[in-house]
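Have a look at coords.txt below; it lists compact mmCIF, C-alpha atoms and all ligand atoms.
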# COMPACT_ATOMS: atom_id res chain seq x y z
CA MET Y 565 0.00 0.00 0.00
CA VAL Y 566 1.34 3.38 -0.99
CA ASP Y 567 0.53 6.13 1.52
CA ILE Y 568 -0.48 8.82 -0.99
CA SER Y 569 -1.04 11.63 1.49
CA ALA Y 570 2.14 10.99 3.49
CA ILE Y 571 4.30 11.00 0.35
CA ALA Y 572 2.52 14.10 -0.98
CA ALA Y 573 3.22 15.93 2.29
CA ARG Y 574 6.89 14.90 2.09
CA LEU Y 575 7.23 16.18 -1.48
CA ASP Y 576 5.44 19.42 -0.65
CA ALA Y 577 7.75 20.00 2.32
CA ALA Y 578 10.85 19.22 0.21
CA ALA Y 579 9.78 21.84 -2.35
CA GLN Y 580 8.96 24.43 0.31
CA ARG Y 581 12.24 23.93 2.17
CA ALA Y 582 14.33 23.41 -0.99
CA GLU Y 583 15.71 20.21 0.52
CA ALA Y 584 16.17 17.05 -1.53
CA ILE Y 585 14.63 13.77 -0.38
CA PRO Y 586 15.37 10.15 -1.37
CA GLN Y 587 13.41 8.68 -4.27
CA ILE Y 588 10.04 7.20 -3.32
CA THR Y 589 10.68 4.14 -5.46
CA GLY Y 590 13.76 3.39 -3.35
CA GLU Y 591 11.31 2.56 -0.58
CA THR Y 592 8.20 1.27 -2.32
CA GLY Y 593 9.71 -0.32 -5.43
CA GLU Y 594 7.91 0.57 -8.62
CA LEU Y 595 5.29 3.27 -8.13
CA PRO Y 596 2.21 2.69 -10.34
CA LEU Y 597 1.42 5.73 -12.49
CA ALA Y 598 -2.09 6.05 -11.06
CA ASP Y 599 -0.61 6.34 -7.56
CA ALA Y 600 2.08 8.74 -8.79
CA TYR Y 601 -0.50 11.11 -10.31
CA ALA Y 602 -2.61 10.84 -7.16
CA ILE Y 603 0.44 11.90 -5.12
CA GLN Y 604 1.08 14.78 -7.54
CA ARG Y 605 -2.47 15.98 -7.13
CA ALA Y 606 -2.38 15.68 -3.34
CA ALA Y 607 0.95 17.56 -3.16
CA ILE Y 608 -0.45 20.38 -5.31
CA ASP Y 609 -3.53 20.48 -3.06
CA HIS Y 610 -1.22 21.60 -0.22
CA ARG Y 611 -0.22 24.60 -2.35
CA LEU Y 612 -3.79 25.39 -3.32
CA ALA Y 613 -4.70 25.29 0.39
CA ARG Y 614 -2.03 28.00 0.94
CA GLY Y 615 -3.77 30.22 -1.61
CA ALA Y 616 -2.11 29.35 -4.93
CA THR Y 617 -4.35 28.71 -7.94
CA LEU Y 618 -4.04 26.38 -10.92
CA VAL Y 619 -2.84 28.31 -13.96
CA GLY Y 620 -1.98 25.57 -16.42
CA MET Y 621 -0.32 22.31 -17.30
CA LYS Y 622 3.20 21.30 -18.33
CA MET Y 623 4.29 18.51 -20.59
CA GLY Y 624 7.53 16.59 -20.04
CA PHE Y 625 9.69 14.29 -22.17
CA THR Y 626 8.26 15.53 -25.46
CA SER Y 627 11.70 15.75 -27.10
CA GLU Y 628 14.36 13.11 -27.76
CA ALA Y 629 16.93 15.38 -26.10
CA LYS Y 630 15.01 15.38 -22.81
CA MET Y 631 14.25 11.65 -22.96
CA ALA Y 632 17.92 10.91 -23.57
CA GLN Y 633 19.07 13.25 -20.80
CA MET Y 634 16.87 11.63 -18.15
CA GLY Y 635 16.70 8.08 -19.54
CA LEU Y 636 12.89 8.00 -19.63
CA LYS Y 637 10.62 7.72 -22.66
CA ASP Y 638 7.04 8.22 -21.51
CA GLN Y 639 5.40 11.59 -21.82
CA ILE Y 640 4.45 12.97 -18.44
CA TRP Y 641 2.60 16.04 -17.27
CA GLY Y 642 2.38 18.30 -14.27
CA ARG Y 643 0.34 21.15 -12.90
CA LEU Y 644 1.32 24.83 -13.11
CA THR Y 645 0.31 26.98 -10.13
CA SER Y 646 0.25 30.75 -9.66
CA ASP Y 647 3.21 30.69 -7.27
CA MET Y 648 5.40 29.29 -10.10
CA VAL Y 649 4.94 32.30 -12.38
CA VAL Y 650 8.02 34.49 -12.99
CA VAL Y 651 7.50 37.57 -15.18
CA ASN Y 652 9.71 37.95 -18.23
CA GLY Y 653 12.88 39.73 -17.12
CA GLY Y 654 12.10 39.06 -13.47
CA ALA Y 655 14.27 37.52 -10.77
CA ILE Y 656 14.16 34.21 -8.93
CA ASP Y 657 15.62 33.62 -5.48
CA ARG Y 658 18.28 30.89 -5.73
CA ALA Y 659 17.56 29.84 -2.14
CA ARG Y 660 14.10 28.61 -3.17
CA PHE Y 661 15.65 25.92 -5.41
CA ILE Y 662 17.70 22.80 -4.76
CA HIS Y 663 19.58 22.12 -8.03
CA PRO Y 664 17.63 24.08 -10.67
CA ARG Y 665 17.90 23.48 -14.39
CA VAL Y 666 16.37 25.45 -17.22
CA GLU Y 667 14.79 24.40 -20.51
CA PRO Y 668 13.80 26.32 -23.67
CA GLU Y 669 10.15 25.69 -24.44
CA VAL Y 670 7.09 26.87 -26.34
CA ALA Y 671 3.97 27.85 -24.39
CA VAL Y 672 0.38 28.44 -25.48
CA ARG Y 673 -2.41 30.29 -23.73
CA LEU Y 674 -5.91 28.86 -24.16
CA LYS Y 675 -9.14 30.69 -24.88
CA ALA Y 676 -11.43 27.66 -24.80
CA PRO Y 677 -11.63 24.46 -22.75
CA LEU Y 678 -9.72 21.50 -24.13
CA ALA Y 679 -9.78 17.84 -23.07
CA GLY Y 680 -9.72 14.35 -24.50
CA GLU Y 681 -9.05 13.22 -28.06
CA VAL Y 682 -8.77 16.33 -30.24
CA THR Y 683 -7.40 16.95 -33.71
CA ARG Y 684 -4.57 19.39 -34.41
CA GLU Y 685 -7.17 21.81 -35.80
CA GLU Y 686 -9.36 21.53 -32.69
CA ALA Y 687 -6.34 22.09 -30.45
CA LEU Y 688 -5.24 25.13 -32.48
CA ALA Y 689 -8.78 26.57 -32.37
CA ALA Y 690 -8.53 26.66 -28.56
CA VAL Y 691 -5.25 28.64 -28.63
CA ASP Y 692 -5.41 32.32 -27.73
CA ALA Y 693 -1.69 33.14 -27.99
CA VAL Y 694 1.73 31.50 -28.31
CA ALA Y 695 5.11 32.37 -26.81
CA ALA Y 696 8.66 31.24 -26.26
CA ALA Y 697 9.18 30.24 -22.65
CA LEU Y 698 11.70 28.97 -20.13
CA GLU Y 699 10.86 26.28 -17.60
CA ILE Y 700 12.86 26.00 -14.38
CA ILE Y 701 12.82 22.40 -13.23
CA ASP Y 702 14.10 21.37 -9.82
CA SER Y 703 13.69 17.74 -8.92
CA ARG Y 704 12.91 17.29 -5.25
CA TYR Y 705 15.00 14.08 -5.34
CA GLU Y 706 18.64 13.77 -4.39
CA ASN Y 707 21.07 14.11 -7.31
CA PHE Y 708 18.19 14.92 -9.70
CA ARG Y 709 17.68 11.16 -10.15
CA PHE Y 710 14.34 9.41 -10.36
CA ALA Y 711 12.24 6.65 -11.90
CA LEU Y 712 9.06 7.45 -13.85
CA GLY Y 713 6.74 7.17 -10.84
CA ASP Y 714 8.99 9.42 -8.76
CA VAL Y 715 9.07 12.26 -11.27
CA VAL Y 716 5.33 12.10 -11.93
CA ALA Y 717 4.64 12.31 -8.18
CA ASP Y 718 7.04 15.27 -8.02
CA ASN Y 719 4.92 17.32 -10.46
CA ALA Y 720 7.27 16.44 -13.33
CA SER Y 721 10.08 18.40 -11.60
CA SER Y 722 8.34 21.68 -12.40
CA SER Y 723 9.19 24.59 -10.15
CA ALA Y 724 8.83 27.89 -12.05
CA PHE Y 725 8.25 29.20 -15.55
CA VAL Y 726 8.78 32.39 -17.51
CA VAL Y 727 6.76 33.23 -20.62
CA GLY Y 728 7.99 35.63 -23.32
CA PRO Y 729 5.79 38.11 -25.18
CA TRP Y 730 2.45 36.58 -26.14
CA LEU Y 731 2.01 36.51 -29.92
CA ALA Y 732 -0.97 35.93 -32.21
CA ALA Y 733 -2.35 32.39 -32.10
CA ASP Y 734 -1.57 31.84 -35.79
CA THR Y 735 2.17 32.53 -35.30
CA ASP Y 736 4.09 29.53 -36.66
CA VAL Y 737 5.75 27.67 -33.77
CA SER Y 738 6.62 24.51 -35.71
CA ASP Y 739 10.33 25.05 -36.43
CA VAL Y 740 11.75 27.99 -34.49
CA ALA Y 741 15.50 28.13 -33.84
CA MET Y 742 16.23 28.44 -30.12
CA GLU Y 743 19.42 29.62 -28.45
CA MET Y 744 19.56 29.51 -24.67
CA ARG Y 745 22.28 31.33 -22.77
CA VAL Y 746 23.33 30.92 -19.16
CA ASP Y 747 25.46 33.84 -17.89
CA GLY Y 748 25.81 34.99 -21.50
CA GLU Y 749 27.35 31.72 -22.74
CA ILE Y 750 25.41 29.51 -25.16
CA ALA Y 751 24.19 26.55 -23.09
CA GLU Y 752 21.84 24.82 -25.55
CA THR Y 753 20.72 25.37 -29.12
CA GLY Y 754 17.93 23.61 -30.95
CA THR Y 755 14.62 23.97 -32.69
CA SER Y 756 11.03 23.84 -31.51
CA ALA Y 757 10.53 21.08 -34.09
CA ALA Y 758 12.28 18.82 -31.57
CA ILE Y 759 9.07 18.99 -29.49
CA LEU Y 760 7.25 15.97 -30.99
CA GLY Y 761 8.04 17.24 -34.50
CA ASP Y 762 5.71 20.21 -33.90
CA PRO Y 763 4.86 21.69 -30.47
CA ILE Y 764 1.13 21.67 -31.31
CA ARG Y 765 1.31 17.85 -31.19
CA SER Y 766 2.31 18.27 -27.55
CA LEU Y 767 -0.86 20.31 -26.99
CA VAL Y 768 -2.91 17.49 -28.54
CA ALA Y 769 -1.14 15.07 -26.17
CA ALA Y 770 -1.77 17.41 -23.22
CA ALA Y 771 -5.51 17.42 -23.98
CA ARG Y 772 -5.51 13.62 -24.18
CA LEU Y 773 -3.58 13.12 -20.93
CA ALA Y 774 -5.73 15.70 -19.14
CA GLY Y 775 -8.83 13.85 -20.35
CA VAL Y 776 -7.50 10.54 -19.03
CA ALA Y 777 -7.05 12.21 -15.64
CA GLY Y 778 -10.57 13.63 -15.72
CA LEU Y 779 -9.26 17.17 -16.13
CA THR Y 780 -10.17 19.88 -18.62
CA LEU Y 781 -7.59 22.47 -19.68
CA GLN Y 782 -9.23 25.81 -18.94
CA PRO Y 783 -9.50 29.09 -20.84
CA GLY Y 784 -6.75 31.44 -19.63
CA TRP Y 785 -4.43 28.55 -18.76
CA THR Y 786 -0.87 28.32 -19.99
CA VAL Y 787 0.34 24.99 -21.37
CA MET Y 788 4.12 24.48 -21.42
CA LEU Y 789 4.79 22.08 -24.28
CA GLY Y 790 8.15 20.65 -23.17
CA GLY Y 791 11.86 21.30 -23.52
CA ALA Y 792 13.23 21.53 -27.06
CA THR Y 793 16.76 20.66 -25.87
CA ALA Y 794 18.36 19.05 -22.86
CA ALA Y 795 18.07 21.10 -19.67
CA ALA Y 796 21.01 23.27 -18.56
CA ALA Y 797 22.10 23.46 -14.92
CA ILE Y 798 21.70 26.93 -13.40
CA GLY Y 799 24.37 26.32 -10.78
CA GLU Y 800 25.57 29.69 -9.50
CA ALA Y 801 24.64 31.56 -12.69
CA ARG Y 802 23.02 35.01 -12.49
CA THR Y 803 21.24 35.28 -15.86
CA VAL Y 804 19.38 33.01 -18.25
CA SER Y 805 18.03 34.10 -21.63
CA LEU Y 806 16.42 32.51 -24.65
CA ASP Y 807 16.50 33.94 -28.15
CA ALA Y 808 13.70 32.31 -30.10
CA GLY Y 809 13.83 34.12 -33.45
CA HIS Y 810 10.42 35.47 -34.46
CA LEU Y 811 9.00 34.34 -31.10
CA GLY Y 812 11.24 36.91 -29.41
CA ARG Y 813 13.24 36.80 -26.21
CA VAL Y 814 12.57 35.63 -22.71
CA GLY Y 815 14.82 35.63 -19.68
CA PHE Y 816 15.27 35.99 -15.96
CA THR Y 817 17.92 36.72 -13.39
CA ILE Y 818 18.92 34.77 -10.30
CA GLU Y 819 19.43 36.48 -6.94
CA GLY Y 820 20.96 35.25 -3.72
CA GLY Y 821 22.91 32.10 -2.99
CA ALA Y 822 21.99 28.44 -2.81
CA ALA Y 823 20.00 27.36 0.24
C1 LIG O 901 11.33 16.03 -15.84
C2 LIG O 901 10.65 17.15 -16.55
C3 LIG O 901 10.81 17.11 -18.06
C4 LIG O 901 10.53 18.53 -20.18
O1 LIG O 901 10.35 19.66 -20.65
O2 LIG O 901 10.80 17.55 -20.87
C5 LIG O 901 10.42 18.39 -18.71
C6 LIG O 901 12.81 16.27 -15.66
O3 LIG O 901 13.56 16.21 -16.63
O4 LIG O 901 13.23 16.49 -14.51
O5 LIG O 901 10.04 19.36 -18.08
MG MG O 902 10.05 21.20 -19.24
Serialized structure, structure tokens:
Amino acid sequence: MVDISAIAARLDAAAQRAEAIPQITGETGELPLADAYAIQRAAIDHRLARGATLVGMKMGFTSEAKMAQMGLKDQIWGRLTSDMVVVNGGAIDRARFIHPRVEPEVAVRLKAPLAGEVTREEALAAVDAVAAALEIIDSRYENFRFALGDVVADNASSSAFVVGPWLAADTDVSDVAMEMRVDGEIAETGTSAAILGDPIRSLVAAARLAGVAGLTLQPGWTVMLGGATAAAAIGEARTVSLDAGHLGRVGFTIEGGAA
């Protein structure tokens, strides 16, 4: 028997204190995905009880580069909450993170509900705006190591996100060159086409996975479609920026020292 609420409380505390914990699967053996998503939901409920609100969904492992980096192949998803939002050009406090990494992504904002099996056209019709974005992931597990059940329970490592300027919904996001810099040095380069061949496919997958979980993506929500490249460690860096061609620029600064 997996104690869903006890593990959720442990993960929530690890995120709040920025202190890594051992993998759950080290204790329980394999963690069934249904239990892992139940833990994710229960951990996020702690945040909602503190006043945060749900603002979207994130997709994970939608590019070969990310799958190869972490050694996992299944697409996963997590919940985005209001306390994870960082404004473009804003600062994060390094002490709030354990071992943060950053990924270049594409985000969409929805104007209509979306759930279940939808076509590319139906998914696109629900899009209000598109943007380049950066996701800050910060596994709550020691050494940033986990099995599939662990990372799902840990809200797919999500910890903060920064969205660039919102652009018209019909802006082409299918093959945008991306150059991510950490402290001014190129850390990763790639193309948005690495996200399932076209990031809109990731939105179709998000709708399907949300539907399976009994969730509906809501108007106004942001959906982060997954890293186009491997993630780069933030370490002690002070600035991160992404140049995404016609999608524009997005970045943030890092203040303070590690916890
Ligand atoms: C899991 C999250 C993966 C992405 O964009 O593929 C992810 C991890 O790598 O820790 O956010
Ligand atoms: Mg990501």
Shell of 7 Å around ligand MG 902 (chain O) (only C-alpha atoms and all ligand atoms), written as a PyMOL selection string: chain Y and resi 622-624+667+669+699+701+790-791
Test item: residues lying within 9 Å of ligand LIG 901 (chain O) with all atoms listed in the file, as a PyMOL selection string: chain Y and resi 622-631+633-634+636+639-642+665-669+699-703+708-710+715-716+718-722+759+788-795
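Minimum atom-to-atom distance to Val672 (chain Y), evaluated using only C-alpha atoms, belongs to Y:Val787 out of Y:Ala607, Y:Ala570, Y:Val787, Y:Ala584.
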Env of Ile798 (chain Y): 9 Å cut, atoms = only C-alpha atoms, seq-sep filter 3 positions within chain, self excluded. Answer as a compact mmCIF listing (two decimals) with C-alpha atoms, keeping the file's coordinate frame.
# COMPACT_ATOMS: atom_id res chain seq x y z
CA HIS Y 663 19.58 22.12 -8.03
CA PRO Y 664 17.63 24.08 -10.67
CA ARG Y 665 17.90 23.48 -14.39
CA VAL Y 666 16.37 25.45 -17.22
CA ILE Y 700 12.86 26.00 -14.38
CA VAL Y 746 23.33 30.92 -19.16
CA ALA Y 801 24.64 31.56 -12.69
CA ARG Y 802 23.02 35.01 -12.49
CA THR Y 803 21.24 35.28 -15.86
CA VAL Y 804 19.38 33.01 -18.25
CA ILE Y 818 18.92 34.77 -10.30
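Minimum atom-to-atom distances from Y:Ala711, Y:Ala655, Y:Leu731, Y:Ala741 to Ala695 (chain Y) were compared using all atoms listed in the file, and the lowest value belongs to Y:Leu731.
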Point-to-point distance from CA of Met742 (chain Y) to CA of Gly654 (chain Y), Å rounded to tenths: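 Going from CA of Met742 (chain Y) over to CA of Gly654 (chain Y) covers 20.2 Å.
Relative to CA of Arg643 (chain Y), CA of Gln604 (chain Y) is found at 8.4 Å.
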Atomic separation - CA of Gly728 (chain Y) relative to CA of Ala578 (chain Y), Å: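 Going from CA of Ala578 (chain Y) over to CA of Gly728 (chain Y), I get 28.8 Å.
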Env of region 644-649 of chain Y: 6 Å cut, atoms = all atoms listed in the file, seq-sep filter 3 positions within chain, self excluded. Answer as a compact mmCIF listing (two decimals) with C-alpha atoms, in the coordinates of the input.
# COMPACT_ATOMS: atom_id res chain seq x y z
CA ALA Y 616 -2.11 29.35 -4.93
CA THR Y 617 -4.35 28.71 -7.94
CA LEU Y 618 -4.04 26.38 -10.92
CA VAL Y 619 -2.84 28.31 -13.96
CA GLY Y 620 -1.98 25.57 -16.42
CA MET Y 621 -0.32 22.31 -17.30
CA ALA Y 724 8.83 27.89 -12.05
CA PHE Y 725 8.25 29.20 -15.55
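Taking only C-alpha atoms into account, Ile571 (chain Y) lies nearest to Y:Ala600 out of the set Y:Ala600, Y:Leu760, Y:Ala690, Y:Ala769.
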Among listed residues Y:Ser766, Y:Ser738, Y:Asn707, Y:Gln580, nearest Ser723 (chain Y) (using all atoms listed in the file):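 Smallest distance to Ser723 (chain Y) is found for Y:Gln580.
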Pick from Y:Ala687, Y:Leu712, Y:Leu811, Y:Leu781 nearest to Val727 (chain Y), counting only C-alpha atoms: Y:Leu811
Residue nearest Arg614 (chain Y) among Y:Gly754, Y:Ala697, Y:Asp576, Y:Asp638 (counting all atoms listed in the file):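 The answer is Y:Asp576, which sits nearest to Arg614 (chain Y).
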Ref. answer, residues at most 7 Å from (20.0, 35.2, -7.0) with only C-alpha atoms, as number ranges by chain: Y: 656-658, 802, 817-821
Within 6 Å of file point (1.3, 32.7, -25.0), counting all atoms listed in the file, expressed as a PDB file with C-alpha atoms, in the coordinates of the input:
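See part02.pdb below for the written result:
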ATOM      1  CA  ALA Y 671       3.970  27.850 -24.390  1.00  0.00           C
ATOM      2  CA  VAL Y 672       0.380  28.440 -25.480  1.00  0.00           C
ATOM      3  CA  ARG Y 673      -2.410  30.290 -23.730  1.00  0.00           C
ATOM      4  CA  ALA Y 693      -1.690  33.140 -27.990  1.00  0.00           C
ATOM      5  CA  VAL Y 694       1.730  31.500 -28.310  1.00  0.00           C
ATOM      6  CA  ALA Y 695       5.110  32.370 -26.810  1.00  0.00           C
ATOM      7  CA  TRP Y 730       2.450  36.580 -26.140  1.00  0.00           C
TER       8      TRP Y 730
END
Region 648-760 of chain Y dumped to file, C-alpha atoms, as an mmCIF file, in the first residue's frame:
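Done, and the output landed in out_23.cif:
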data_model
loop_
_atom_site.group_PDB
_atom_site.id
_atom_site.type_symbol
_atom_site.label_atom_id
_atom_site.label_comp_id
_atom_site.auth_asym_id
_atom_site.auth_seq_id
_atom_site.Cartn_x
_atom_site.Cartn_y
_atom_site.Cartn_z
ATOM 1 C CA MET Y 648 5.398 29.288 -10.099
ATOM 2 C CA VAL Y 649 4.944 32.301 -12.376
ATOM 3 C CA VAL Y 650 8.016 34.485 -12.991
ATOM 4 C CA VAL Y 651 7.500 37.565 -15.177
ATOM 5 C CA ASN Y 652 9.706 37.948 -18.229
ATOM 6 C CA GLY Y 653 12.884 39.729 -17.119
ATOM 7 C CA GLY Y 654 12.097 39.059 -13.468
ATOM 8 C CA ALA Y 655 14.275 37.524 -10.772
ATOM 9 C CA ILE Y 656 14.163 34.214 -8.926
ATOM 10 C CA ASP Y 657 15.618 33.619 -5.479
ATOM 11 C CA ARG Y 658 18.281 30.895 -5.726
ATOM 12 C CA ALA Y 659 17.561 29.840 -2.143
ATOM 13 C CA ARG Y 660 14.101 28.607 -3.170
ATOM 14 C CA PHE Y 661 15.649 25.918 -5.411
ATOM 15 C CA ILE Y 662 17.702 22.798 -4.756
ATOM 16 C CA HIS Y 663 19.580 22.122 -8.025
ATOM 17 C CA PRO Y 664 17.634 24.076 -10.669
ATOM 18 C CA ARG Y 665 17.902 23.481 -14.390
ATOM 19 C CA VAL Y 666 16.372 25.452 -17.222
ATOM 20 C CA GLU Y 667 14.793 24.404 -20.507
ATOM 21 C CA PRO Y 668 13.801 26.316 -23.672
ATOM 22 C CA GLU Y 669 10.146 25.691 -24.436
ATOM 23 C CA VAL Y 670 7.095 26.873 -26.336
ATOM 24 C CA ALA Y 671 3.968 27.852 -24.394
ATOM 25 C CA VAL Y 672 0.383 28.435 -25.477
ATOM 26 C CA ARG Y 673 -2.414 30.294 -23.728
ATOM 27 C CA LEU Y 674 -5.909 28.859 -24.160
ATOM 28 C CA LYS Y 675 -9.139 30.691 -24.878
ATOM 29 C CA ALA Y 676 -11.434 27.661 -24.800
ATOM 30 C CA PRO Y 677 -11.629 24.459 -22.746
ATOM 31 C CA LEU Y 678 -9.717 21.496 -24.131
ATOM 32 C CA ALA Y 679 -9.783 17.838 -23.068
ATOM 33 C CA GLY Y 680 -9.720 14.353 -24.503
ATOM 34 C CA GLU Y 681 -9.049 13.222 -28.058
ATOM 35 C CA VAL Y 682 -8.773 16.326 -30.245
ATOM 36 C CA THR Y 683 -7.395 16.952 -33.707
ATOM 37 C CA ARG Y 684 -4.575 19.385 -34.407
ATOM 38 C CA GLU Y 685 -7.175 21.814 -35.796
ATOM 39 C CA GLU Y 686 -9.355 21.533 -32.689
ATOM 40 C CA ALA Y 687 -6.336 22.089 -30.451
ATOM 41 C CA LEU Y 688 -5.243 25.133 -32.480
ATOM 42 C CA ALA Y 689 -8.775 26.569 -32.373
ATOM 43 C CA ALA Y 690 -8.526 26.657 -28.555
ATOM 44 C CA VAL Y 691 -5.249 28.639 -28.629
ATOM 45 C CA ASP Y 692 -5.407 32.316 -27.733
ATOM 46 C CA ALA Y 693 -1.692 33.140 -27.989
ATOM 47 C CA VAL Y 694 1.725 31.500 -28.307
ATOM 48 C CA ALA Y 695 5.114 32.371 -26.809
ATOM 49 C CA ALA Y 696 8.663 31.241 -26.263
ATOM 50 C CA ALA Y 697 9.175 30.240 -22.646
ATOM 51 C CA LEU Y 698 11.697 28.968 -20.125
ATOM 52 C CA GLU Y 699 10.862 26.280 -17.601
ATOM 53 C CA ILE Y 700 12.858 25.997 -14.381
ATOM 54 C CA ILE Y 701 12.816 22.395 -13.230
ATOM 55 C CA ASP Y 702 14.101 21.374 -9.823
ATOM 56 C CA SER Y 703 13.690 17.738 -8.920
ATOM 57 C CA ARG Y 704 12.915 17.293 -5.254
ATOM 58 C CA TYR Y 705 14.998 14.082 -5.342
ATOM 59 C CA GLU Y 706 18.640 13.766 -4.386
ATOM 60 C CA ASN Y 707 21.071 14.106 -7.308
ATOM 61 C CA PHE Y 708 18.189 14.915 -9.703
ATOM 62 C CA ARG Y 709 17.682 11.162 -10.153
ATOM 63 C CA PHE Y 710 14.338 9.412 -10.362
ATOM 64 C CA ALA Y 711 12.242 6.648 -11.901
ATOM 65 C CA LEU Y 712 9.063 7.446 -13.848
ATOM 66 C CA GLY Y 713 6.738 7.166 -10.839
ATOM 67 C CA ASP Y 714 8.995 9.421 -8.755
ATOM 68 C CA VAL Y 715 9.074 12.259 -11.265
ATOM 69 C CA VAL Y 716 5.331 12.103 -11.931
ATOM 70 C CA ALA Y 717 4.640 12.308 -8.183
ATOM 71 C CA ASP Y 718 7.044 15.273 -8.023
ATOM 72 C CA ASN Y 719 4.923 17.319 -10.461
ATOM 73 C CA ALA Y 720 7.269 16.438 -13.335
ATOM 74 C CA SER Y 721 10.083 18.401 -11.600
ATOM 75 C CA SER Y 722 8.342 21.678 -12.403
ATOM 76 C CA SER Y 723 9.189 24.588 -10.153
ATOM 77 C CA ALA Y 724 8.832 27.893 -12.047
ATOM 78 C CA PHE Y 725 8.254 29.204 -15.553
ATOM 79 C CA VAL Y 726 8.781 32.391 -17.513
ATOM 80 C CA VAL Y 727 6.763 33.228 -20.620
ATOM 81 C CA GLY Y 728 7.986 35.629 -23.317
ATOM 82 C CA PRO Y 729 5.793 38.108 -25.181
ATOM 83 C CA TRP Y 730 2.449 36.585 -26.144
ATOM 84 C CA LEU Y 731 2.007 36.513 -29.925
ATOM 85 C CA ALA Y 732 -0.970 35.934 -32.208
ATOM 86 C CA ALA Y 733 -2.354 32.386 -32.100
ATOM 87 C CA ASP Y 734 -1.570 31.844 -35.786
ATOM 88 C CA THR Y 735 2.166 32.530 -35.297
ATOM 89 C CA ASP Y 736 4.089 29.533 -36.662
ATOM 90 C CA VAL Y 737 5.753 27.669 -33.772
ATOM 91 C CA SER Y 738 6.617 24.513 -35.710
ATOM 92 C CA ASP Y 739 10.326 25.051 -36.427
ATOM 93 C CA VAL Y 740 11.750 27.986 -34.494
ATOM 94 C CA ALA Y 741 15.503 28.126 -33.837
ATOM 95 C CA MET Y 742 16.228 28.435 -30.119
ATOM 96 C CA GLU Y 743 19.415 29.624 -28.453
ATOM 97 C CA MET Y 744 19.560 29.506 -24.668
ATOM 98 C CA ARG Y 745 22.278 31.329 -22.767
ATOM 99 C CA VAL Y 746 23.335 30.924 -19.158
ATOM 100 C CA ASP Y 747 25.458 33.835 -17.891
ATOM 101 C CA GLY Y 748 25.811 34.987 -21.500
ATOM 102 C CA GLU Y 749 27.351 31.718 -22.743
ATOM 103 C CA ILE Y 750 25.410 29.515 -25.158
ATOM 104 C CA ALA Y 751 24.185 26.553 -23.085
ATOM 105 C CA GLU Y 752 21.842 24.815 -25.554
ATOM 106 C CA THR Y 753 20.716 25.367 -29.123
ATOM 107 C CA GLY Y 754 17.927 23.606 -30.948
ATOM 108 C CA THR Y 755 14.621 23.966 -32.691
ATOM 109 C CA SER Y 756 11.025 23.845 -31.508
ATOM 110 C CA ALA Y 757 10.533 21.079 -34.086
ATOM 111 C CA ALA Y 758 12.278 18.815 -31.574
ATOM 112 C CA ILE Y 759 9.070 18.990 -29.491
ATOM 113 C CA LEU Y 760 7.245 15.969 -30.995
#
